[in-house]
Every structure is written in C-alpha cells, then in structure tokens.
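Here is the file protein_9.pdb (PDB, C-alpha atoms and all ligand atoms).
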ATOM      1  CA  MET A 401       9.577  11.100   0.538
ATOM      2  CA  LYS A 402       8.582   8.343   2.940
ATOM      3  CA  ILE A 403       6.358   5.480   1.773
ATOM      4  CA  LEU A 404       4.764   2.793   3.944
ATOM      5  CA  VAL A 405       4.438  -0.591   2.213
ATOM      6  CA  ILE A 406       1.965  -3.040   3.769
ATOM      7  CA  ASP A 407       1.850  -6.595   2.396
ATOM      8  CA  ASP A 408       1.885 -10.016   4.032
ATOM      9  CA  ASP A 409       4.021 -11.458   1.212
ATOM     10  CA  PRO A 410       7.721 -10.737   1.955
ATOM     11  CA  SER A 411       8.698 -11.149  -1.709
ATOM     12  CA  VAL A 412       6.180  -8.480  -2.767
ATOM     13  CA  ARG A 413       7.409  -6.124  -0.025
ATOM     14  CA  LYS A 414      10.989  -6.709  -1.106
ATOM     15  CA  PHE A 415      10.192  -6.066  -4.778
ATOM     16  CA  ILE A 416       8.335  -2.830  -4.008
ATOM     17  CA  ALA A 417      10.956  -1.639  -1.505
ATOM     18  CA  THR A 418      13.813  -2.311  -3.943
ATOM     19  CA  THR A 419      11.984  -0.496  -6.746
ATOM     20  CA  LEU A 420      11.214   2.531  -4.569
ATOM     21  CA  LYS A 421      14.639   2.789  -2.932
ATOM     22  CA  LYS A 422      16.255   2.962  -6.374
ATOM     23  CA  GLU A 423      14.139   6.095  -6.930
ATOM     24  CA  ASN A 424      15.340   7.531  -3.608
ATOM     25  CA  TYR A 425      12.124   7.020  -1.695
ATOM     26  CA  THR A 426      12.434   6.040   1.962
ATOM     27  CA  VAL A 427      10.526   2.804   2.577
ATOM     28  CA  ILE A 428       8.921   1.558   5.795
ATOM     29  CA  GLU A 429       7.548  -2.002   5.697
ATOM     30  CA  ALA A 430       4.689  -3.675   7.565
ATOM     31  CA  GLU A 431       3.391  -7.227   7.161
ATOM     32  CA  ASN A 432      -0.292  -6.561   7.901
ATOM     33  CA  GLY A 433      -2.734  -3.708   8.450
ATOM     34  CA  GLN A 434      -2.369  -3.727  12.196
ATOM     35  CA  GLU A 435       1.391  -3.290  12.005
ATOM     36  CA  GLY A 436       0.904  -0.738   9.227
ATOM     37  CA  VAL A 437      -1.404   1.471  11.293
ATOM     38  CA  GLN A 438       1.088   1.298  14.186
ATOM     39  CA  LYS A 439       3.956   2.360  11.892
ATOM     40  CA  LEU A 440       1.833   5.232  10.621
ATOM     41  CA  LEU A 441       1.398   6.403  14.222
ATOM     42  CA  ASP A 442       5.113   5.952  15.010
ATOM     43  CA  GLU A 443       6.484   7.630  11.873
ATOM     44  CA  LYS A 444       5.058  11.110  11.581
ATOM     45  CA  ASP A 445       6.080  11.940   8.023
ATOM     46  CA  ILE A 446       4.741   9.099   5.871
ATOM     47  CA  ALA A 447       3.357  10.659   2.669
ATOM     48  CA  ILE A 448       2.088   7.602   0.805
ATOM     49  CA  ILE A 449       0.787   4.160   1.769
ATOM     50  CA  ILE A 450       0.867   1.201  -0.590
ATOM     51  CA  THR A 451      -1.289  -1.565   0.849
ATOM     52  CA  ASP A 452      -2.178  -5.096  -0.100
ATOM     53  CA  LEU A 453      -5.835  -6.034   0.455
ATOM     54  CA  ILE A 454      -5.867  -9.696   1.459
ATOM     55  CA  MET A 455      -3.791 -10.058   4.645
ATOM     56  CA  PRO A 456      -4.044 -11.755   8.037
ATOM     57  CA  GLU A 457      -4.605  -9.761  11.295
ATOM     58  CA  LYS A 458      -6.069  -6.723   9.592
ATOM     59  CA  GLU A 459      -6.917  -6.774   5.893
ATOM     60  CA  GLY A 460      -6.526  -3.879   3.512
ATOM     61  CA  ILE A 461     -10.067  -2.510   3.219
ATOM     62  CA  GLU A 462     -10.358  -2.165   6.998
ATOM     63  CA  THR A 463      -6.877  -0.652   7.058
ATOM     64  CA  ILE A 464      -7.750   1.943   4.396
ATOM     65  CA  MET A 465     -10.914   2.944   6.283
ATOM     66  CA  GLU A 466      -8.975   3.309   9.533
ATOM     67  CA  VAL A 467      -6.170   5.297   7.911
ATOM     68  CA  ARG A 468      -8.695   7.601   6.212
ATOM     69  CA  LYS A 469     -10.242   8.431   9.610
ATOM     70  CA  MET A 470      -6.782   9.208  11.017
ATOM     71  CA  ASN A 471      -5.544  11.150   8.008
ATOM     72  CA  PRO A 472      -7.919  12.371   5.268
ATOM     73  CA  SER A 473      -5.137  13.658   2.978
ATOM     74  CA  ILE A 474      -2.525  10.869   2.964
ATOM     75  CA  LYS A 475      -2.197   9.166  -0.427
ATOM     76  CA  ILE A 476      -3.187   5.496  -0.498
ATOM     77  CA  MET A 477      -2.542   2.960  -3.253
ATOM     78  CA  ALA A 478      -4.303  -0.420  -3.004
ATOM     79  CA  ILE A 479      -2.657  -3.435  -4.633
ATOM     80  CA  SER A 480      -4.228  -6.869  -5.059
ATOM     81  CA  GLY A 481      -4.044 -10.063  -7.006
ATOM     82  CA  GLY A 482      -7.448 -10.974  -5.578
ATOM     83  CA  GLY A 483      -8.423 -14.359  -4.270
ATOM     84  CA  LYS A 484     -10.159 -17.031  -6.329
ATOM     85  CA  VAL A 485     -12.506 -14.441  -7.864
ATOM     86  CA  GLY A 486      -9.813 -12.055  -9.141
ATOM     87  CA  PRO A 487      -8.846  -8.633  -7.852
ATOM     88  CA  GLU A 488     -11.384  -6.355  -9.591
ATOM     89  CA  ASN A 489     -14.018  -6.361  -6.847
ATOM     90  CA  PHE A 490     -11.447  -5.886  -4.112
ATOM     91  CA  LEU A 491      -9.853  -2.992  -5.958
ATOM     92  CA  LEU A 492     -13.256  -1.347  -6.614
ATOM     93  CA  LEU A 493     -14.042  -1.642  -2.931
ATOM     94  CA  ALA A 494     -10.671  -0.113  -2.042
ATOM     95  CA  ASP A 495     -11.476   2.788  -4.351
ATOM     96  CA  ALA A 496     -14.889   3.201  -2.711
ATOM     97  CA  VAL A 497     -13.443   3.426   0.807
ATOM     98  CA  GLY A 498     -10.864   6.050  -0.110
ATOM     99  CA  ALA A 499      -7.872   4.659  -1.986
ATOM    100  CA  ASN A 500      -6.394   7.222  -4.413
ATOM    101  CA  ALA A 501      -5.099   4.577  -6.804
ATOM    102  CA  THR A 502      -5.418   0.841  -7.374
ATOM    103  CA  LEU A 503      -2.990  -1.520  -9.044
ATOM    104  CA  ARG A 504      -3.565  -5.096 -10.049
ATOM    105  CA  LYS A 505      -0.891  -7.677  -9.166
ATOM    106  CA  PRO A 506       1.380  -8.733 -10.669
ATOM    107  CA  PHE A 507       2.861  -5.404 -11.788
ATOM    108  CA  SER A 508       6.272  -4.261 -12.998
ATOM    109  CA  GLY A 509       8.459  -1.722 -11.243
ATOM    110  CA  GLN A 510       7.730   0.699 -14.056
ATOM    111  CA  GLU A 511       3.949   0.299 -13.631
ATOM    112  CA  LEU A 512       4.309   0.882  -9.910
ATOM    113  CA  LEU A 513       6.343   4.062 -10.379
ATOM    114  CA  MET A 514       3.956   5.354 -13.029
ATOM    115  CA  SER A 515       0.912   4.873 -10.752
ATOM    116  CA  LEU A 516       2.804   6.506  -7.923
ATOM    117  CA  ARG A 517       3.657   9.577  -9.988
ATOM    118  CA  LEU A 518       0.063   9.921 -11.203
ATOM    119  CA  MET A 519      -1.070   9.942  -7.580
ATOM    120  CA  GLU A 520       1.486  12.441  -6.205
TER     121      GLU A 520
HETATM  122 MG    MG B 601      -1.830 -10.676   0.664
END

The structure in this file should be written as structure tokens.
Amino acid sequence: MKILVIDDDPSVRKFIATTLKKENYTVIEAENGQEGVQKLLDEKDIAIIITDLIMPEKEGIETIMEVRKMNPSIKIMAISGGGKVGPENFLLLADAVGANATLRKPFSGQELLMSLRLME
C-alpha cells in the first residue's frame, strides 16, 4: 500500500517513513501541501495521506480541502504539534474539513501504526 507523507520537517518525514517502511508500506514524501498535491496527481495509486498542518507554501487544512475535492474516498490523517496555542484547534479543523483521523505530535511509531490501522 502506498502512503504519501507531507511534512515540512525532514526529521518527522524520516521518522514516519522509517516506521512505515518497516511495515512494508511504500512511502512517498513531500515537504509541503503544494508538492503533496502534485505527487498525488503524479502517483495514481496512493491510498493514504498523512499530512502535517502547519507548513510553508501550502498548509495542511488547505491541502486537505483540495485533496477532498480531487478524491472523496482517499484516507487522510492529519498530524500536528500546533503552534503556540497547541494542536487541538488545528486538529479539530482538520477533522471538520475531511480528515479521517488526527494525531497529536509527538507520537510513537506504535501510535502511528495503530491510528493507521483504525483508519484502513
Ligand atoms: Mg510543520
């Protein structure tokens, strides 16, 4: 199964990619929403998107709304550590615009895999 990981923090992308590859997922990475949407168009068989919310170029909420218009059935997980105010509001907003799951940063590999399996 192919998963697109969108996050502007390379260390977060690396952690998620390493965790997922160990479970035999194929991982495509993008560093912001704009690149993520392009990869979604290029790669036809992405089943799940894991996206950060606070990013330059195109942030996560806008990205989720755009992806939802393109593909109503693709699974989307929003991840965020929030800004100064904490992640709860961002994650609620992500849920409201069509994310299937939300996960608060920081999370363990096990928490990530568990959320993923609940969503599949
Ligand atoms: Mg970020």

Give the residues close to ligand MG 601 (chain B), within 10 Å, counting only C-alpha atoms and all ligand atoms; write them as a PDB file with C-alpha atoms, keeping the file's coordinate frame.
ATOM      1  CA  ILE A 406       1.965  -3.040   3.769  1.00  0.00           C
ATOM      2  CA  ASP A 407       1.850  -6.595   2.396  1.00  0.00           C
ATOM      3  CA  ASP A 408       1.885 -10.016   4.032  1.00  0.00           C
ATOM      4  CA  ASP A 409       4.021 -11.458   1.212  1.00  0.00           C
ATOM      5  CA  PRO A 410       7.721 -10.737   1.955  1.00  0.00           C
ATOM      6  CA  VAL A 412       6.180  -8.480  -2.767  1.00  0.00           C
ATOM      7  CA  GLU A 431       3.391  -7.227   7.161  1.00  0.00           C
ATOM      8  CA  ASN A 432      -0.292  -6.561   7.901  1.00  0.00           C
ATOM      9  CA  THR A 451      -1.289  -1.565   0.849  1.00  0.00           C
ATOM     10  CA  ASP A 452      -2.178  -5.096  -0.100  1.00  0.00           C
ATOM     11  CA  LEU A 453      -5.835  -6.034   0.455  1.00  0.00           C
ATOM     12  CA  ILE A 454      -5.867  -9.696   1.459  1.00  0.00           C
ATOM     13  CA  MET A 455      -3.791 -10.058   4.645  1.00  0.00           C
ATOM     14  CA  PRO A 456      -4.044 -11.755   8.037  1.00  0.00           C
ATOM     15  CA  GLU A 459      -6.917  -6.774   5.893  1.00  0.00           C
ATOM     16  CA  GLY A 460      -6.526  -3.879   3.512  1.00  0.00           C
ATOM     17  CA  ILE A 479      -2.657  -3.435  -4.633  1.00  0.00           C
ATOM     18  CA  SER A 480      -4.228  -6.869  -5.059  1.00  0.00           C
ATOM     19  CA  GLY A 481      -4.044 -10.063  -7.006  1.00  0.00           C
ATOM     20  CA  GLY A 482      -7.448 -10.974  -5.578  1.00  0.00           C
ATOM     21  CA  GLY A 483      -8.423 -14.359  -4.270  1.00  0.00           C
TER      22      GLY A 483
END

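Closest approach to Val437 of chain A from the set A:Ala494, A:Leu404, A:Leu513, A:Ala499 is made by A:Leu404, with distances taken over only C-alpha atoms.
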
Using only C-alpha atoms, collect all residues at a distance of at most 12 Å from (-6.5, 9.7, 7.1) as written in the file, then present them as a compact mmCIF listing (two decimals) with C-alpha atoms, keeping the file's coordinate frame.
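Contents of the output file point37.txt:
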# COMPACT_ATOMS: atom_id res chain seq x y z
CA VAL A 437 -1.40 1.47 11.29
CA LEU A 440 1.83 5.23 10.62
CA LEU A 441 1.40 6.40 14.22
CA ILE A 446 4.74 9.10 5.87
CA ALA A 447 3.36 10.66 2.67
CA ILE A 448 2.09 7.60 0.80
CA ILE A 449 0.79 4.16 1.77
CA THR A 463 -6.88 -0.65 7.06
CA ILE A 464 -7.75 1.94 4.40
CA MET A 465 -10.91 2.94 6.28
CA GLU A 466 -8.98 3.31 9.53
CA VAL A 467 -6.17 5.30 7.91
CA ARG A 468 -8.70 7.60 6.21
CA LYS A 469 -10.24 8.43 9.61
CA MET A 470 -6.78 9.21 11.02
CA ASN A 471 -5.54 11.15 8.01
CA PRO A 472 -7.92 12.37 5.27
CA SER A 473 -5.14 13.66 2.98
CA ILE A 474 -2.52 10.87 2.96
CA LYS A 475 -2.20 9.17 -0.43
CA ILE A 476 -3.19 5.50 -0.50
CA VAL A 497 -13.44 3.43 0.81
CA GLY A 498 -10.86 6.05 -0.11
CA ALA A 499 -7.87 4.66 -1.99
CA ASN A 500 -6.39 7.22 -4.41

Problem set entry | Hits from the PyMOL selection byres (((chain A and resi 509) around 8) and not hetatm), listed as JSON, numbers by chain | {"A": [415, 416, 419, 507, 508, 510, 511, 512, 513]}

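Distance annotation: of A:Pro487, A:Lys402, A:Thr418, A:Met477, the residue with the minimal separation from Ser515 of chain A is A:Met477; atom set is only C-alpha atoms.
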
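A straight line drawn from atom CA of Asp442 of chain A to atom CA of Ile428 of chain A is 10.9 Å long.
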
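Proximity of A:Val405, A:Met519, A:Leu503, A:Ile450 to Glu429 of chain A, computed with all atoms listed in the file, is greatest for A:Val405.
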
Exercise. Interatomic distance between atom CA of Thr426 of chain A and atom CA of Met401 of chain A?
Worked result: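 Atom CA of Met401 of chain A lies 6.0 Å from atom CA of Thr426 of chain A.
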
For this session: Tell me which of A:Ile461, A:Ala417, A:Val427, A:Ile403 sits closest to Asp495 of chain A, counting all atoms listed in the file.
Result: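 Comparing A:Ile461, A:Ala417, A:Val427, A:Ile403 against Asp495 of chain A, the winner is A:Ile461.
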
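In this model, the gap between atom CA of Glu488 of chain A and atom CA of Leu420 of chain A comes to 24.8 Å.
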
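Minimum distance to Glu457 of chain A across A:Ala478, A:Thr502, A:Asn489, A:Gln434 (counting all atoms listed in the file) occurs at A:Gln434.
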